[in-house]
Amino acid sequence: MAQIATAARPLLKIRKLHKSYGAHEVLKGISLDIHEGEVVSIIGASGSGKSTFLRCLNLMETPTSGFMDFERFAFDYEQGARRQPTPQQLCELRARIGMVFQSYNLWPHMTVLENVIEAPIRVRRMPRRQAVAEAEALLQRIGLYEKRHAYPSKLSGGQQQRVAIVRALAMAPKVMLFDEVTSALDPELVGEVLALIGSLAADGMTMLLVTHEMAFARDVGTRTLFFDGGVIAEDGPPDAIIGAPRSERLRQFLRRVLHQPAALGETA
Ligand code: ADP
Ligand code: MG
């Protein structure tokens, strides 16, 4: 019995999450359970709060109110925050919930290898030899081992983005957050980044990804959330959400995304 209960326990539990900037309420009460191995795509119009939500999950943004439970972390921002994280907990949390953004933000003055080993050495206190060995293994996996001593500016956008993903993986995260990681890429480079994310999904990595790649969301995702005005307006299997949208708002959104020439080019 106990084992069944443990398996059913969500990896990430979010309740009544709100985020305001001044008088502008961006997240209006998000409640969500994420289970291990789920690959959750997040879709929705620009400004609907998708990025803010991901940033709240690894506490790059402090929620205005709400409750989050993840592994040994439980943060309660209700009523002036009784259980807020310490700086040490923040550091540990961000190692466990990795995040990659639209603009590959590699450190330009460091080589590929240095970019990947920096945080494991500094934050996880990993011996340099071990950090290098693990980084090299990760770079092998993505076919960029030969580029390990190159500076980011010598790499294509797709290669840089793949290194940014590997840099997050080097922290041994339990969850990965991807915020439109292919949006800034030339269309011909999108595929290699999606392939890497797809391989992580196949390995069972739990992830949440904001994406306009509807075909990818359907192929790789196990669940899709439609954000609308700071709430989760629809939540279900990708085929149902994208293939058979219930609300007119989602139908409108899908028509726009699927008929944008750029979006079409990206999925081609
Ligand atoms: P999405 O990722 O869905 O496009 P965002 O989460 O980036 O949406 O933004 C949602 C809303 O929050 C937007 O109106 C945006 O202007 C506002 N917003 C986001 N970040 C900030 C910030 N740091 N300060 C003030 N307003 C912000
Ligand atoms: Mg965004």
# chains A, B, ... in the order shown; residues from 1 in each chain; ligands from 1
>>> residues_near_ligand(ligand="ligand 1", cutoff="7 Å", atoms="only C-alpha atoms and all ligand atoms", output="ChimeraX atom specification")
/A:21,26,44-53
>>> select_by_dssp(residues="range 166-225 of chain A", states="strand (DSSP E or B)", output="list in words")
Val175, Met176, Leu177, Phe178, Asp179, Thr206, Met207, Leu208, Leu209, Val210, Arg223, Thr224 and Leu225 of chain A
>>> residues_around(residues="Ser20 in chain A", least_positions_apart="2", cutoff="12 Å", atoms="only C-alpha atoms", output="list in words")
Leu17, His18, Gly22, Ala23, His24, Glu25, Val26, Leu27, Lys28, Gly29, Gly49, Thr52, Phe53, Cys56, Glu61, Thr62, Pro63, Thr64, Ser65, Gly66 and Gly230 of chain A
>>> closest_residue(among="A:Val166, A:Leu209, A:Leu144, A:Met60", to="ligand 2", atoms="only C-alpha atoms and all ligand atoms")
A:Leu209
>>> atom_distance(atom1="CA of Arg9 in chain A", atom2="CA of Tyr77 in chain A")
21.7 Å
>>> closest_residue(among="A:Ala74, A:Val100, A:Val39, A:Leu138", to="Thr86 in chain A", atoms="only C-alpha atoms")
A:Ala74
>>> residues_around(residues="Pro173 in chain A", least_positions_apart="2", cutoff="9 Å", atoms="only C-alpha atoms", output="list in words")
Arg94, Ala95, Arg96, Ile97, Gly98, Ala168, Leu169, Ala170, Met171, Val175, Met176 and Met205 of chain A
>>> closest_residue(among="A:Val181, A:Val112, A:Ala233, A:Ala150", to="Val132 in chain A", atoms="only C-alpha atoms")
A:Val112
>>> atom_distance(atom1="CA of Lys174 in chain A", atom2="CA of Gln89 in chain A")
15.2 Å
>>> atom_distance(atom1="CA of Leu90 in chain A", atom2="CA of Leu208 in chain A")
19.3 Å
>>> select_by_dssp(residues="range 116-193 of chain A", states="helix (DSSP H, G or I)", output="ChimeraX atom specification")
/A:116-122,128-141,145-147,152-154,157-169,187-193
>>> closest_atom_pairs(of="range 176-233 of chain A", to="range 104-109 of chain A", cutoff="10 Å", atoms="only C-alpha atoms", output="tab-separated table")
residue	atom	partner	partner_atom	distance
A:Val181	CA	A:Tyr104	CA	7.9
A:Thr182	CA	A:Tyr104	CA	9.7
A:Ala184	CA	A:Tyr104	CA	8.8
A:Leu185	CA	A:Tyr104	CA	9.8
>>> closest_residue(among="A:Ser31, A:Gln102, A:Ser156, A:Gln84", to="ligand 2", atoms="only C-alpha atoms and all ligand atoms")
A:Gln102
